[in-house]
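Structure file structure.txt (compact mmCIF, C-alpha atoms) is printed below.
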# COMPACT_ATOMS: atom_id res chain seq x y z
CA MET A 1 -8.18 16.05 4.54
CA LEU A 2 -6.78 14.83 7.85
CA THR A 3 -6.68 17.66 10.38
CA GLN A 4 -5.77 18.07 14.02
CA THR A 5 -9.49 18.02 14.79
CA ALA A 6 -9.84 14.70 13.00
CA ILE A 7 -7.06 13.20 15.09
CA ARG A 8 -8.64 14.49 18.30
CA ASN A 9 -12.05 13.25 17.27
CA VAL A 10 -12.01 10.15 15.09
CA SER A 11 -15.79 10.12 14.96
CA GLN A 12 -15.39 12.41 11.94
CA ARG A 13 -14.41 9.27 9.99
CA GLN A 14 -15.24 6.27 12.17
CA PRO A 15 -17.81 7.01 14.90
CA ALA A 16 -17.19 3.86 16.91
CA THR A 17 -13.50 4.43 17.56
CA GLN A 18 -11.55 7.07 19.47
CA PRO A 19 -7.83 7.67 18.88
CA HIS A 20 -5.43 6.20 21.36
CA ARG A 21 -1.71 5.74 21.57
CA VAL A 22 -0.65 2.12 21.43
CA PRO A 23 2.56 0.10 21.15
CA LEU A 24 2.74 -1.45 17.69
CA PRO A 25 4.01 -4.71 16.25
CA GLY A 26 7.62 -4.28 15.16
CA ALA A 27 8.11 -1.39 17.59
CA THR A 28 11.72 -2.39 18.15
CA GLN A 29 12.54 -0.90 14.73
CA THR A 30 10.36 2.20 14.60
CA GLY A 31 8.99 2.39 18.14
CA ALA A 32 10.19 5.91 18.82
CA ILE A 33 8.33 7.15 15.75
CA GLU A 34 5.17 5.13 16.38
CA LEU A 35 4.80 6.18 19.99
CA MET A 36 4.31 9.76 18.76
CA GLY A 37 1.27 8.73 16.71
CA ALA A 38 -2.43 8.20 17.31
CA CYS A 39 -4.30 5.07 16.27
CA MET A 40 -7.24 5.70 13.95
CA SER A 41 -9.80 3.44 12.28
CA PHE A 42 -10.91 3.83 8.66
CA ALA A 43 -13.80 1.92 7.12
CA ALA A 44 -13.38 0.17 3.77
CA ASN A 45 -13.20 2.69 0.88
CA ALA A 46 -12.85 5.66 3.26
CA GLU A 47 -10.45 8.40 2.17
CA ILE A 48 -7.38 8.80 4.35
CA TYR A 49 -6.05 11.84 2.50
CA GLY A 50 -6.60 13.44 -0.87
CA GLU A 51 -4.35 14.52 -3.71
CA ASN A 52 -2.94 18.06 -3.25
CA GLU A 53 -3.83 18.12 0.46
CA PRO A 54 -1.06 19.20 2.86
CA ALA A 55 1.33 16.34 3.60
CA ASP A 56 1.38 16.99 7.34
CA TYR A 57 1.30 13.38 8.52
CA LEU A 58 2.90 9.98 8.01
CA TYR A 59 0.88 6.79 8.32
CA LYS A 60 1.62 3.23 9.43
CA VAL A 61 -0.74 0.38 8.60
CA VAL A 62 -1.47 -1.75 11.66
CA SER A 63 -4.18 -3.86 10.02
CA GLY A 64 -5.97 -3.83 6.69
CA THR A 65 -4.81 -2.68 3.25
CA VAL A 66 -4.50 0.81 1.72
CA ARG A 67 -4.24 1.95 -1.91
CA THR A 68 -2.66 5.18 -3.10
CA TYR A 69 -3.85 6.41 -6.47
CA LYS A 70 -4.16 9.29 -8.90
CA VAL A 71 -7.08 10.01 -11.25
CA LEU A 72 -5.75 10.97 -14.68
CA VAL A 73 -7.16 13.75 -16.84
CA ASP A 74 -9.08 11.23 -18.97
CA GLY A 75 -10.77 9.76 -15.90
CA ARG A 76 -8.63 6.63 -15.61
CA ARG A 77 -7.32 5.68 -12.18
CA GLN A 78 -3.65 4.75 -11.69
CA ILE A 79 -2.87 2.97 -8.44
CA GLY A 80 0.66 3.74 -7.30
CA ALA A 81 0.99 1.30 -4.40
CA PHE A 82 -0.72 -1.10 -2.05
CA HIS A 83 0.22 -0.67 1.60
CA LEU A 84 -0.04 -3.69 3.90
CA PRO A 85 0.37 -4.13 7.68
CA GLY A 86 3.77 -2.81 8.74
CA ASP A 87 4.10 -0.37 5.84
CA ILE A 88 4.58 3.36 6.43
CA PHE A 89 3.25 5.65 3.71
CA GLY A 90 2.56 9.33 3.08
CA PHE A 91 6.19 10.25 2.29
CA GLU A 92 6.39 13.28 0.00
CA SER A 93 9.27 15.36 -1.35
CA GLY A 94 7.08 18.47 -1.30
CA GLU A 95 4.45 19.96 0.98
CA VAL A 96 1.36 18.30 -0.57
CA HIS A 97 0.32 14.77 -1.45
CA THR A 98 0.78 13.77 -5.09
CA PHE A 99 -1.59 10.81 -4.69
CA SER A 100 -4.79 10.15 -2.75
CA ALA A 101 -4.99 7.32 -0.21
CA GLU A 102 -8.00 5.12 0.56
CA ALA A 103 -8.63 2.13 2.78
CA ILE A 104 -9.34 -0.98 0.70
CA THR A 105 -10.55 -2.92 3.73
CA ASP A 106 -11.36 -1.79 7.27
CA CYS A 107 -8.04 -0.43 8.55
CA LYS A 108 -6.32 0.58 11.74
CA ILE A 109 -3.62 3.14 11.03
CA ILE A 110 -1.14 5.03 13.18
CA VAL A 111 -1.14 8.72 12.20
CA ILE A 112 2.10 10.55 13.00
CA LYS A 113 2.81 14.27 12.70
CA ARG A 114 5.46 14.71 10.01
CA SER A 115 7.08 17.75 11.59
CA THR A 116 7.45 15.92 14.90
CA VAL A 117 9.20 13.00 13.19
CA MET A 118 11.54 15.35 11.34
CA ALA A 119 12.39 17.21 14.54
CA LEU A 120 13.17 13.93 16.31
CA ALA A 121 15.27 12.71 13.36
CA ALA A 122 17.31 15.91 13.52
CA ARG A 123 18.52 15.08 17.02
CA ASP A 124 18.36 11.26 17.07
CA ASN A 125 20.63 9.36 14.68
CA ASP A 126 18.70 6.12 15.09
CA VAL A 127 15.45 7.76 14.04
CA ALA A 128 17.20 9.49 11.14
CA ARG A 129 18.55 6.13 9.98
CA GLN A 130 15.11 4.53 10.26
CA MET A 131 13.56 7.30 8.19
CA TRP A 132 16.29 6.96 5.56
CA GLU A 133 15.73 3.20 5.34
CA LEU A 134 11.96 3.64 5.03
CA THR A 135 12.36 6.29 2.35
CA ALA A 136 14.88 4.19 0.42
CA ARG A 137 12.56 1.18 0.56
CA GLU A 138 9.67 3.23 -0.78
CA LEU A 139 11.86 4.64 -3.57
CA GLN A 140 12.94 1.12 -4.55
CA ARG A 141 9.29 0.03 -4.72
CA VAL A 142 8.41 3.00 -6.94
CA GLN A 143 11.37 2.26 -9.25
CA GLU A 144 10.39 -1.39 -9.56
CA HIS A 145 6.78 -0.49 -10.28
CA SER A 146 7.85 1.94 -13.01
CA LEU A 147 9.29 -1.02 -14.95
CA VAL A 148 5.83 -2.58 -15.18
CA LEU A 149 4.88 -0.47 -18.20
CA ILE A 150 7.45 -2.13 -20.47
CA LYS A 151 6.29 -5.68 -19.66
CA SER A 152 3.66 -7.89 -21.24
CA ALA A 153 0.38 -8.62 -19.46
CA GLU A 154 1.60 -12.07 -18.39
CA GLU A 155 4.83 -10.63 -17.04
CA ARG A 156 2.95 -7.94 -15.11
CA VAL A 157 0.48 -10.34 -13.51
CA ALA A 158 3.19 -12.91 -12.67
CA GLY A 159 5.34 -10.20 -11.10
CA PHE A 160 2.40 -8.91 -9.08
CA LEU A 161 1.60 -12.36 -7.69
CA LEU A 162 5.24 -12.89 -6.70
CA GLU A 163 5.37 -9.43 -5.11
CA MET A 164 2.29 -10.14 -3.00
CA ALA A 165 3.60 -13.60 -2.05
CA ASP A 166 6.85 -12.02 -0.83
CA ARG A 167 5.14 -9.23 1.10
CA VAL A 168 2.58 -11.45 2.83
CA PRO A 169 4.14 -14.91 3.16
CA SER A 170 1.47 -17.60 3.58
CA GLY A 171 2.92 -20.80 2.21
CA GLY A 172 1.99 -21.39 -1.39
CA ALA A 173 -1.11 -19.17 -1.31
CA VAL A 174 -1.62 -15.48 -2.01
CA GLU A 175 -4.56 -13.79 -0.28
CA LEU A 176 -5.60 -10.70 -2.23
CA PRO A 177 -7.50 -8.05 -0.28
CA MET A 178 -7.81 -5.89 -3.38
CA SER A 179 -10.29 -6.31 -6.25
CA ARG A 180 -9.50 -7.29 -9.84
CA GLN A 181 -10.12 -3.64 -10.79
CA ASP A 182 -7.53 -2.53 -8.23
CA ILE A 183 -5.02 -4.98 -9.68
CA ALA A 184 -5.76 -3.77 -13.21
CA ASP A 185 -5.30 -0.12 -12.21
CA TYR A 186 -2.03 -0.99 -10.46
CA LEU A 187 -0.64 -2.88 -13.47
CA GLY A 188 -1.92 -0.50 -16.14
CA LEU A 189 -4.20 -3.16 -17.66
CA THR A 190 -7.93 -3.60 -18.16
CA ILE A 191 -9.88 -5.80 -15.77
CA GLU A 192 -10.67 -8.11 -18.69
CA THR A 193 -6.96 -8.54 -19.44
CA VAL A 194 -6.18 -9.33 -15.79
CA SER A 195 -8.94 -11.96 -15.64
CA ARG A 196 -7.88 -13.47 -18.98
CA THR A 197 -4.22 -13.59 -17.93
CA LEU A 198 -5.02 -15.28 -14.62
CA LYS A 199 -7.05 -17.88 -16.52
CA HIS A 200 -4.14 -18.45 -18.92
CA LEU A 201 -1.70 -18.91 -16.03
CA GLU A 202 -4.14 -21.32 -14.40
CA ASP A 203 -4.51 -23.31 -17.64
CA ALA A 204 -0.68 -23.49 -17.81
CA ALA A 205 -0.66 -24.95 -14.25
CA ALA A 206 1.41 -22.03 -12.93
CA ILE A 207 -1.35 -21.03 -10.50
CA GLU A 208 -4.70 -22.23 -9.18
CA VAL A 209 -7.60 -19.92 -8.33
CA PRO A 210 -9.86 -21.76 -5.85
CA LYS A 211 -11.49 -18.47 -4.82
CA ARG A 212 -11.60 -15.07 -6.47
CA ARG A 213 -9.21 -13.52 -3.93
CA ARG A 214 -7.15 -16.59 -3.08
CA ILE A 215 -4.50 -17.78 -5.53
CA LEU A 216 -2.23 -20.79 -5.12
CA LEU A 217 1.21 -20.55 -6.70
CA ARG A 218 1.72 -23.99 -8.25
CA ASN A 219 4.87 -23.25 -10.26
CA ARG A 220 6.92 -20.38 -8.87
CA SER A 221 9.77 -21.14 -11.27
CA ALA A 222 7.50 -20.49 -14.24
CA LEU A 223 6.28 -17.23 -12.68
CA HIS A 224 9.86 -16.14 -12.00
CA ARG A 225 10.82 -16.87 -15.60
CA LEU A 226 7.96 -14.68 -16.79
CA ASN A 227 9.01 -11.94 -14.39
CA ALA A 228 12.73 -12.09 -15.24

Structure translated into structure tokens:
Amino acid sequence: MLTQTAIRNVSQRQPATQPHRVPLPGATQTGAIELMGACMSFAANAEIYGENEPADYLYKVVSGTVRTYKVLVDGRRQIGAFHLPGDIFGFESGEVHTFSAEAITDCKIIVIKRSTVMALAARDNDVARQMWELTARELQRVQEHSLVLIKSAEERVAGFLLEMADRVPSGGAVELPMSRQDIADYLGLTIETVSRTLKHLEDAAAIEVPKRRRILLRNRSALHRLNA
């Protein structure tokens, strides 16, 4: 659980780093919100917040990648989202978190008091608009992800690769900070199915996998047809 003490003393989670307020990339859009936050470091696989903990803060990824997930009653893990640099997460309709959040890689994250943001939004139309746009974007992402369950394995994997290529443009390559197990838990597949599907797409010349976490998109048209 992230508390006021944790924000004042980051050594609770990352001994080498102390919180400090910093201007962030993209501050022209959400600068007023970000300047109210404190920068914290989280090591890979460290918990940022847990399911059912008070949703007192919002979070912006400065560097690294975060996963939000829920452990189901049968022990399976369902990943709800991957959050990349520039993303703000931690939005909740209620007072507690419905998912847990963990750093996939070493992360720097701006932690912002939710009540402070809401108070500012109540008197600043620009901030209110920014919060609405961020919330709408997150809702759209959730709606799109909900459609995954009706797709085939090939369609799911193709759609995931296109999603990552759009979110982190890097020419024809997709750099994946997450593991195959993370991808499987995000797509509702087994790790064996993900690996088998990637091999099938590679054999069909739609992609190339020179390294385990680097994928080249050789035929985007074919991937788009699968994801249609």

#### Entry: Tyr59 of chain A environment, 10 Å, only C-alpha atoms, sequence neighbours closer than 4 positions dropped, as a PyMOL selection string
chain A and resi 34+37-40+48+87-91+109-114

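Reported to one decimal place, the separation of atom CA of Val71 of chain A from atom CA of Ala55 of chain A is 18.2 Å.
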
Selection near segment 145-149 of chain A, 9 Å with only C-alpha atoms, sequence-local residues under 6 positions removed, as an mmCIF file with C-alpha atoms, in the frame of the given file:
data_model
loop_
_atom_site.group_PDB
_atom_site.id
_atom_site.type_symbol
_atom_site.label_atom_id
_atom_site.label_comp_id
_atom_site.auth_asym_id
_atom_site.auth_seq_id
_atom_site.Cartn_x
_atom_site.Cartn_y
_atom_site.Cartn_z
ATOM 1 C CA GLY A 80 0.660 3.740 -7.300
ATOM 2 C CA ALA A 81 0.990 1.300 -4.400
ATOM 3 C CA GLU A 155 4.830 -10.630 -17.040
ATOM 4 C CA ARG A 156 2.950 -7.940 -15.110
ATOM 5 C CA GLY A 159 5.340 -10.200 -11.100
ATOM 6 C CA TYR A 186 -2.030 -0.990 -10.460
ATOM 7 C CA LEU A 187 -0.640 -2.880 -13.470
ATOM 8 C CA GLY A 188 -1.920 -0.500 -16.140
#

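The two atoms in question, atom CA of Pro169 of chain A and atom CA of Arg220 of chain A, are spaced 13.5 Å apart.
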
### Task
Please measure the separation of atom CA of Lys60 of chain A and atom CA of Leu84 of chain A, giving the value in Å to one decimal.
9.0 Å

### Query
When distances are computed from only C-alpha atoms, which of A:His97, A:Arg76, A:Arg129, A:Arg225 shows the smallest separation from Glu53 of chain A?
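Closest residue, counting only C-alpha atoms: A:His97.
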
### Selected residue, from A:Arg77, A:His83, A:Arg123, A:Arg180, that lies nearest to Arg141 of chain A when counting only C-alpha atoms
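Looking only at the distances to Arg141 of chain A, the closest residue turns out to be A:His83.
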
### Nearest to Asp106 of chain A, chosen from A:Leu120, A:Ala128, A:Ala44, A:Val157, with all atoms listed in the file counted in the distances
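The closest residue to Asp106 of chain A is A:Ala44.
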
Leaving out Phe99 of chain A and any residue of its chain fewer than 5 positions from it, which residues lie within 9 Å of it when counting all atoms listed in the file, given as a PDB file with C-alpha atoms, in the coordinates of the input?
ATOM      1  CA  TYR A  49      -6.050  11.840   2.500  1.00  0.00           C
ATOM      2  CA  GLY A  50      -6.600  13.440  -0.870  1.00  0.00           C
ATOM      3  CA  GLU A  51      -4.350  14.520  -3.710  1.00  0.00           C
ATOM      4  CA  ASN A  52      -2.940  18.060  -3.250  1.00  0.00           C
ATOM      5  CA  THR A  68      -2.660   5.180  -3.100  1.00  0.00           C
ATOM      6  CA  TYR A  69      -3.850   6.410  -6.470  1.00  0.00           C
ATOM      7  CA  LYS A  70      -4.160   9.290  -8.900  1.00  0.00           C
ATOM      8  CA  VAL A  71      -7.080  10.010 -11.250  1.00  0.00           C
ATOM      9  CA  ILE A  79      -2.870   2.970  -8.440  1.00  0.00           C
ATOM     10  CA  GLY A  80       0.660   3.740  -7.300  1.00  0.00           C
ATOM     11  CA  GLY A  90       2.560   9.330   3.080  1.00  0.00           C
TER      12      GLY A  90
END

### Message
Using only C-alpha atoms for the distances, tell me which of A:Glu208, A:Asp124, A:Glu92, A:Asp182 is nearest to Asn45 of chain A.
### Response
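Closest to Asn45 of chain A, using only C-alpha atoms: A:Asp182.
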
### 12 Å contact set for Glu202 of chain A, only C-alpha atoms, chain neighbours under 4 positions out, as a PyMOL selection string
chain A and resi 154+157-158+195-198+206-210+215-219+222-223

Output C-alpha atoms of each residue in that selection to a file, as a CSV table (one decimal), in the frame of the given file.
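Writing done, so here's selection_18.csv:
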chain,number,residue,atom,x,y,z
A,154,GLU,CA,1.6,-12.1,-18.4
A,157,VAL,CA,0.5,-10.3,-13.5
A,158,ALA,CA,3.2,-12.9,-12.7
A,195,SER,CA,-8.9,-12.0,-15.6
A,196,ARG,CA,-7.9,-13.5,-19.0
A,197,THR,CA,-4.2,-13.6,-17.9
A,198,LEU,CA,-5.0,-15.3,-14.6
A,206,ALA,CA,1.4,-22.0,-12.9
A,207,ILE,CA,-1.4,-21.0,-10.5
A,208,GLU,CA,-4.7,-22.2,-9.2
A,209,VAL,CA,-7.6,-19.9,-8.3
A,210,PRO,CA,-9.9,-21.8,-5.8
A,215,ILE,CA,-4.5,-17.8,-5.5
A,216,LEU,CA,-2.2,-20.8,-5.1
A,217,LEU,CA,1.2,-20.6,-6.7
A,218,ARG,CA,1.7,-24.0,-8.2
A,219,ASN,CA,4.9,-23.2,-10.3
A,222,ALA,CA,7.5,-20.5,-14.2
A,223,LEU,CA,6.3,-17.2,-12.7

### Message
Can you tell me which residues surround Gln181 of chain A at a distance of at most 7 Å, considering only C-alpha atoms, apart from same-chain residues fewer than 3 positions away, and format the answer as an MDAnalysis selection string?
### Response
chainID A and resid 184:185 191

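Of the residues listed (A:Lys199, A:Arg67, A:Ala153, A:Leu58), A:Leu58 shows the shortest atom-to-atom separation from Met36 of chain A; distances use only C-alpha atoms.
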